[in-house]
$ cat upload_4.txt   # compact mmCIF, N, CA and C atoms
# COMPACT_ATOMS: atom_id res chain seq x y z
N ASP A 372 62.26 29.17 -62.04
CA ASP A 372 61.48 30.40 -61.92
C ASP A 372 61.28 30.69 -60.44
N ILE A 373 61.89 31.73 -59.96
CA ILE A 373 61.82 32.06 -58.53
C ILE A 373 60.38 32.28 -58.08
N GLY A 374 59.58 32.93 -58.89
CA GLY A 374 58.19 33.16 -58.52
C GLY A 374 57.40 31.87 -58.38
N HIS A 375 57.63 30.92 -59.27
CA HIS A 375 56.92 29.65 -59.18
C HIS A 375 57.33 28.89 -57.92
N VAL A 376 58.60 28.98 -57.57
CA VAL A 376 59.06 28.39 -56.32
C VAL A 376 58.29 29.00 -55.16
N GLY A 377 58.10 30.31 -55.22
CA GLY A 377 57.35 31.00 -54.17
C GLY A 377 55.89 30.60 -54.13
N VAL A 378 55.27 30.54 -55.29
CA VAL A 378 53.85 30.16 -55.36
C VAL A 378 53.66 28.75 -54.80
N LEU A 379 54.63 27.87 -55.06
CA LEU A 379 54.56 26.51 -54.55
C LEU A 379 55.00 26.41 -53.08
N ARG A 380 55.45 27.52 -52.53
CA ARG A 380 55.88 27.60 -51.13
C ARG A 380 57.07 26.69 -50.83
N THR A 381 57.97 26.56 -51.80
CA THR A 381 59.21 25.85 -51.54
C THR A 381 60.32 26.88 -51.33
N ASP A 382 61.44 26.44 -50.83
CA ASP A 382 62.54 27.34 -50.49
C ASP A 382 63.38 27.65 -51.73
N PRO A 383 63.43 28.91 -52.17
CA PRO A 383 64.19 29.23 -53.38
C PRO A 383 65.68 28.98 -53.24
N ILE A 384 66.22 29.16 -52.05
CA ILE A 384 67.66 28.98 -51.86
C ILE A 384 68.03 27.50 -52.03
N SER A 385 67.27 26.61 -51.43
CA SER A 385 67.58 25.19 -51.59
C SER A 385 67.34 24.73 -53.03
N GLU A 386 66.35 25.31 -53.70
CA GLU A 386 66.11 24.97 -55.11
C GLU A 386 67.28 25.41 -55.99
N ILE A 387 67.80 26.61 -55.75
CA ILE A 387 68.94 27.12 -56.52
C ILE A 387 70.15 26.23 -56.29
N ARG A 388 70.43 25.95 -55.03
CA ARG A 388 71.60 25.12 -54.70
C ARG A 388 71.43 23.70 -55.21
N SER A 389 70.23 23.19 -55.16
CA SER A 389 69.97 21.83 -55.64
C SER A 389 70.23 21.73 -57.14
N ALA A 390 69.81 22.73 -57.88
CA ALA A 390 70.03 22.73 -59.34
C ALA A 390 71.50 22.93 -59.66
N GLY A 391 72.17 23.77 -58.88
CA GLY A 391 73.61 24.00 -59.06
C GLY A 391 73.98 24.33 -60.49
N ALA A 392 75.00 23.67 -61.00
CA ALA A 392 75.51 23.94 -62.34
C ALA A 392 74.52 23.60 -63.44
N ARG A 393 73.49 22.81 -63.10
CA ARG A 393 72.47 22.48 -64.11
C ARG A 393 71.51 23.63 -64.36
N LEU A 394 71.53 24.62 -63.47
CA LEU A 394 70.65 25.78 -63.65
C LEU A 394 71.23 26.66 -64.73
N CYS A 395 70.62 26.62 -65.89
CA CYS A 395 71.19 27.37 -67.02
C CYS A 395 70.38 28.62 -67.33
N GLY A 396 69.36 28.89 -66.57
CA GLY A 396 68.59 30.12 -66.75
C GLY A 396 67.40 30.12 -65.83
N THR A 397 66.99 31.29 -65.44
CA THR A 397 65.82 31.38 -64.57
C THR A 397 65.16 32.74 -64.71
N HIS A 398 63.88 32.76 -64.43
CA HIS A 398 63.14 34.02 -64.35
C HIS A 398 63.22 34.51 -62.92
N ILE A 399 63.59 35.75 -62.74
CA ILE A 399 63.71 36.32 -61.41
C ILE A 399 62.60 37.32 -61.19
N HIS A 400 61.79 37.05 -60.18
CA HIS A 400 60.76 38.01 -59.75
C HIS A 400 60.33 37.65 -58.35
N ASP A 401 59.67 38.59 -57.71
CA ASP A 401 59.23 38.40 -56.34
C ASP A 401 57.76 38.01 -56.32
N VAL A 402 57.29 37.61 -55.14
CA VAL A 402 55.90 37.20 -54.96
C VAL A 402 55.33 37.91 -53.74
N ASP A 403 54.18 38.54 -53.91
CA ASP A 403 53.44 39.11 -52.79
C ASP A 403 52.50 38.02 -52.30
N PHE A 404 52.88 37.36 -51.22
CA PHE A 404 52.14 36.21 -50.72
C PHE A 404 50.78 36.57 -50.13
N SER A 405 50.54 37.85 -49.93
CA SER A 405 49.29 38.28 -49.27
C SER A 405 48.11 38.39 -50.21
N ILE A 406 48.35 38.30 -51.53
CA ILE A 406 47.25 38.43 -52.49
C ILE A 406 47.30 37.32 -53.53
N PRO A 407 46.13 36.91 -54.03
CA PRO A 407 46.12 35.92 -55.13
C PRO A 407 46.81 36.51 -56.36
N ASP A 408 47.49 35.68 -57.08
CA ASP A 408 48.20 36.11 -58.29
C ASP A 408 49.17 37.25 -58.01
N GLY A 409 49.84 37.19 -56.86
CA GLY A 409 50.77 38.25 -56.47
C GLY A 409 52.18 38.04 -56.95
N ASP A 410 52.36 37.20 -57.98
CA ASP A 410 53.72 36.99 -58.46
C ASP A 410 54.08 38.03 -59.53
N HIS A 411 55.29 37.93 -60.00
CA HIS A 411 55.86 38.83 -61.01
C HIS A 411 56.05 40.26 -60.49
N ARG A 412 56.33 40.38 -59.20
CA ARG A 412 56.71 41.67 -58.63
C ARG A 412 58.20 41.87 -58.84
N ALA A 413 58.62 43.11 -58.85
CA ALA A 413 60.06 43.40 -58.96
C ALA A 413 60.77 42.83 -57.72
N PRO A 414 62.02 42.42 -57.88
CA PRO A 414 62.76 41.94 -56.72
C PRO A 414 62.69 42.94 -55.58
N THR A 415 62.50 42.45 -54.38
CA THR A 415 62.36 43.21 -53.12
C THR A 415 60.96 43.80 -52.93
N ARG A 416 60.03 43.52 -53.83
CA ARG A 416 58.68 44.08 -53.72
C ARG A 416 57.65 43.03 -53.32
N GLY A 417 58.12 41.94 -52.76
CA GLY A 417 57.22 40.89 -52.30
C GLY A 417 57.72 40.30 -51.01
N GLY A 418 57.57 39.00 -50.86
CA GLY A 418 57.87 38.36 -49.60
C GLY A 418 59.20 37.65 -49.49
N PHE A 419 59.98 37.64 -50.55
CA PHE A 419 61.27 36.94 -50.49
C PHE A 419 62.32 37.76 -49.75
N ASP A 420 63.24 37.04 -49.11
CA ASP A 420 64.43 37.65 -48.52
C ASP A 420 65.52 37.54 -49.58
N TRP A 421 65.83 38.65 -50.24
CA TRP A 421 66.65 38.61 -51.45
C TRP A 421 68.14 38.44 -51.21
N ASP A 422 68.66 38.90 -50.09
CA ASP A 422 70.11 38.75 -49.89
C ASP A 422 70.56 37.29 -49.97
N PRO A 423 69.91 36.35 -49.26
CA PRO A 423 70.35 34.96 -49.40
C PRO A 423 70.06 34.36 -50.77
N ILE A 424 69.01 34.83 -51.43
CA ILE A 424 68.72 34.34 -52.79
C ILE A 424 69.83 34.77 -53.75
N LEU A 425 70.20 36.05 -53.70
CA LEU A 425 71.26 36.54 -54.57
C LEU A 425 72.59 35.87 -54.25
N LYS A 426 72.83 35.61 -52.96
CA LYS A 426 74.04 34.90 -52.57
C LYS A 426 74.06 33.49 -53.15
N ALA A 427 72.92 32.80 -53.13
CA ALA A 427 72.85 31.45 -53.70
C ALA A 427 73.14 31.47 -55.19
N PHE A 428 72.63 32.47 -55.92
CA PHE A 428 72.95 32.59 -57.34
C PHE A 428 74.44 32.81 -57.53
N GLU A 429 75.04 33.66 -56.70
CA GLU A 429 76.48 33.91 -56.81
C GLU A 429 77.28 32.64 -56.56
N GLU A 430 76.84 31.83 -55.61
CA GLU A 430 77.56 30.60 -55.25
C GLU A 430 77.61 29.60 -56.41
N ILE A 431 76.55 29.49 -57.18
CA ILE A 431 76.55 28.49 -58.24
C ILE A 431 77.24 29.01 -59.50
N GLU A 432 77.39 30.33 -59.63
CA GLU A 432 78.14 30.95 -60.73
C GLU A 432 77.77 30.40 -62.10
N THR A 433 76.50 30.31 -62.36
CA THR A 433 76.09 29.78 -63.65
C THR A 433 74.75 30.38 -64.04
N GLY A 434 74.40 30.21 -65.28
CA GLY A 434 73.06 30.55 -65.71
C GLY A 434 72.89 31.91 -66.34
N GLN A 435 71.76 32.05 -66.93
CA GLN A 435 71.31 33.33 -67.47
C GLN A 435 70.04 33.69 -66.74
N TRP A 436 69.86 34.96 -66.49
CA TRP A 436 68.71 35.40 -65.72
C TRP A 436 67.86 36.35 -66.53
N THR A 437 66.58 36.16 -66.43
CA THR A 437 65.61 37.06 -67.05
C THR A 437 64.74 37.61 -65.94
N PHE A 438 64.70 38.91 -65.83
CA PHE A 438 63.83 39.52 -64.83
C PHE A 438 62.43 39.59 -65.42
N GLU A 439 61.48 39.08 -64.68
CA GLU A 439 60.09 38.98 -65.15
C GLU A 439 59.21 39.76 -64.17
N SER A 440 59.22 41.08 -64.30
CA SER A 440 58.55 41.94 -63.33
C SER A 440 57.42 42.71 -64.00
N SER A 441 56.28 42.71 -63.33
CA SER A 441 55.15 43.50 -63.83
C SER A 441 55.01 44.77 -63.01
N VAL A 442 54.14 45.64 -63.46
CA VAL A 442 53.88 46.89 -62.75
C VAL A 442 52.51 46.74 -62.07
N PRO A 443 52.51 46.46 -60.76
CA PRO A 443 51.24 46.26 -60.07
C PRO A 443 50.46 47.58 -59.95
N THR A 444 49.19 47.49 -60.18
CA THR A 444 48.33 48.68 -60.14
C THR A 444 48.39 49.34 -58.77
N GLY A 445 48.69 50.63 -58.77
CA GLY A 445 48.64 51.42 -57.55
C GLY A 445 49.78 51.21 -56.57
N ILE A 446 50.79 50.42 -56.96
CA ILE A 446 51.89 50.18 -56.02
C ILE A 446 53.17 50.84 -56.52
N ASP A 447 53.69 50.40 -57.64
CA ASP A 447 54.91 50.95 -58.22
C ASP A 447 54.60 51.50 -59.61
N THR A 448 55.39 52.47 -60.02
CA THR A 448 55.31 52.95 -61.39
C THR A 448 56.25 52.10 -62.25
N LYS A 449 56.13 52.25 -63.54
CA LYS A 449 57.04 51.53 -64.45
C LYS A 449 58.48 51.93 -64.15
N ASP A 450 58.73 53.20 -63.90
CA ASP A 450 60.08 53.65 -63.58
C ASP A 450 60.59 53.03 -62.28
N ASP A 451 59.71 52.88 -61.28
CA ASP A 451 60.09 52.22 -60.02
C ASP A 451 60.54 50.79 -60.29
N VAL A 452 59.74 50.07 -61.09
CA VAL A 452 60.05 48.67 -61.38
C VAL A 452 61.39 48.55 -62.11
N VAL A 453 61.65 49.44 -63.05
CA VAL A 453 62.92 49.43 -63.78
C VAL A 453 64.07 49.67 -62.81
N LYS A 454 63.94 50.66 -61.94
CA LYS A 454 65.00 50.99 -60.98
C LYS A 454 65.26 49.83 -60.02
N ILE A 455 64.22 49.26 -59.47
CA ILE A 455 64.35 48.15 -58.52
C ILE A 455 64.99 46.94 -59.19
N THR A 456 64.56 46.63 -60.40
CA THR A 456 65.09 45.49 -61.14
C THR A 456 66.56 45.71 -61.48
N ARG A 457 66.90 46.91 -61.88
CA ARG A 457 68.31 47.23 -62.19
C ARG A 457 69.18 47.05 -60.96
N GLU A 458 68.70 47.51 -59.79
CA GLU A 458 69.46 47.35 -58.56
C GLU A 458 69.73 45.87 -58.26
N ALA A 459 68.75 45.01 -58.51
CA ALA A 459 68.96 43.58 -58.30
C ALA A 459 69.99 43.04 -59.30
N ALA A 460 69.92 43.50 -60.53
CA ALA A 460 70.89 43.06 -61.55
C ALA A 460 72.30 43.48 -61.17
N ILE A 461 72.45 44.65 -60.62
CA ILE A 461 73.77 45.11 -60.18
C ILE A 461 74.29 44.21 -59.06
N LYS A 462 73.42 43.87 -58.10
CA LYS A 462 73.83 42.97 -57.02
C LYS A 462 74.29 41.61 -57.54
N LEU A 463 73.67 41.17 -58.63
CA LEU A 463 74.05 39.90 -59.24
C LEU A 463 75.29 40.02 -60.13
N GLY A 464 75.75 41.24 -60.33
CA GLY A 464 76.90 41.46 -61.20
C GLY A 464 76.57 41.31 -62.67
N LEU A 465 75.33 41.58 -63.04
CA LEU A 465 74.90 41.39 -64.43
C LEU A 465 75.01 42.65 -65.28
N THR A 466 75.44 43.74 -64.70
CA THR A 466 75.54 44.97 -65.49
C THR A 466 76.97 45.40 -65.64

$ encode --input "upload_4.txt" --output "structure tokens"
Amino acid sequence: DIGHVGVLRTDPISEIRSAGARLCGTHIHDVDFSIPDGDHRAPTRGGFDWDPILKAFEEIETGQWTFESSVPTGIDTKDDVVKITREAAIKLGLT
């Protein structure tokens, strides 16, 4: 779970690479590190640098991904979250 990696303040890229072929699925979401309970943001809507994260997923070429994104009050609309999440899925080659 990318968000849990963020909440624990560990490096998501090294975690992805460490799991390698054993990674058979993960929840993908961002974390806003500036607020308590700031996880479950749409990809690119928090503090992660997504290009290297997406590259790490591409490198291991395995797994199933579930996007776990909420609609934060006053920040994004539901349509924004859908659009942002879809863009991340396209980058991963999942569509």

$ atom_distance --input "upload_4.txt" --atom1 "atom CA of A:Val452" --atom2 "atom CA of A:Pro407"
19.9 Å

$ closest_residue --input "upload_4.txt" --among "A:Glu386, A:Asp372, A:Asp420, A:Asp403" --to "A:Glu439" --atoms "only C-alpha atoms"
A:Asp372

$ select_by_dssp --input "upload_4.txt" --residues "chain A" --states "alpha helix (DSSP H)" --output "PyMOL selection string"
chain A and resi 373-378+383-390+421-431+449-462

$ residues_around --input "upload_4.txt" --residues "A:His400" --least-positions-apart "2" --cutoff "7 Å" --atoms "only C-alpha atoms" --output "MDAnalysis selection string"
chainID A and resid 373:374 398 402 411:414 438:440

$ atom_distance --input "upload_4.txt" --atom1 "atom CA of A:Pro443" --atom2 "atom CA of A:Asp401"
11.8 Å

$ atom_distance --input "upload_4.txt" --atom1 "atom N of A:Gly417" --atom2 "atom N of A:Ala392"
26.2 Å

$ closest_residue --input "upload_4.txt" --among "A:Pro423, A:Gly377, A:Gly409, A:Pro383" --to "A:Lys462" --atoms "only C-alpha atoms"
A:Pro423
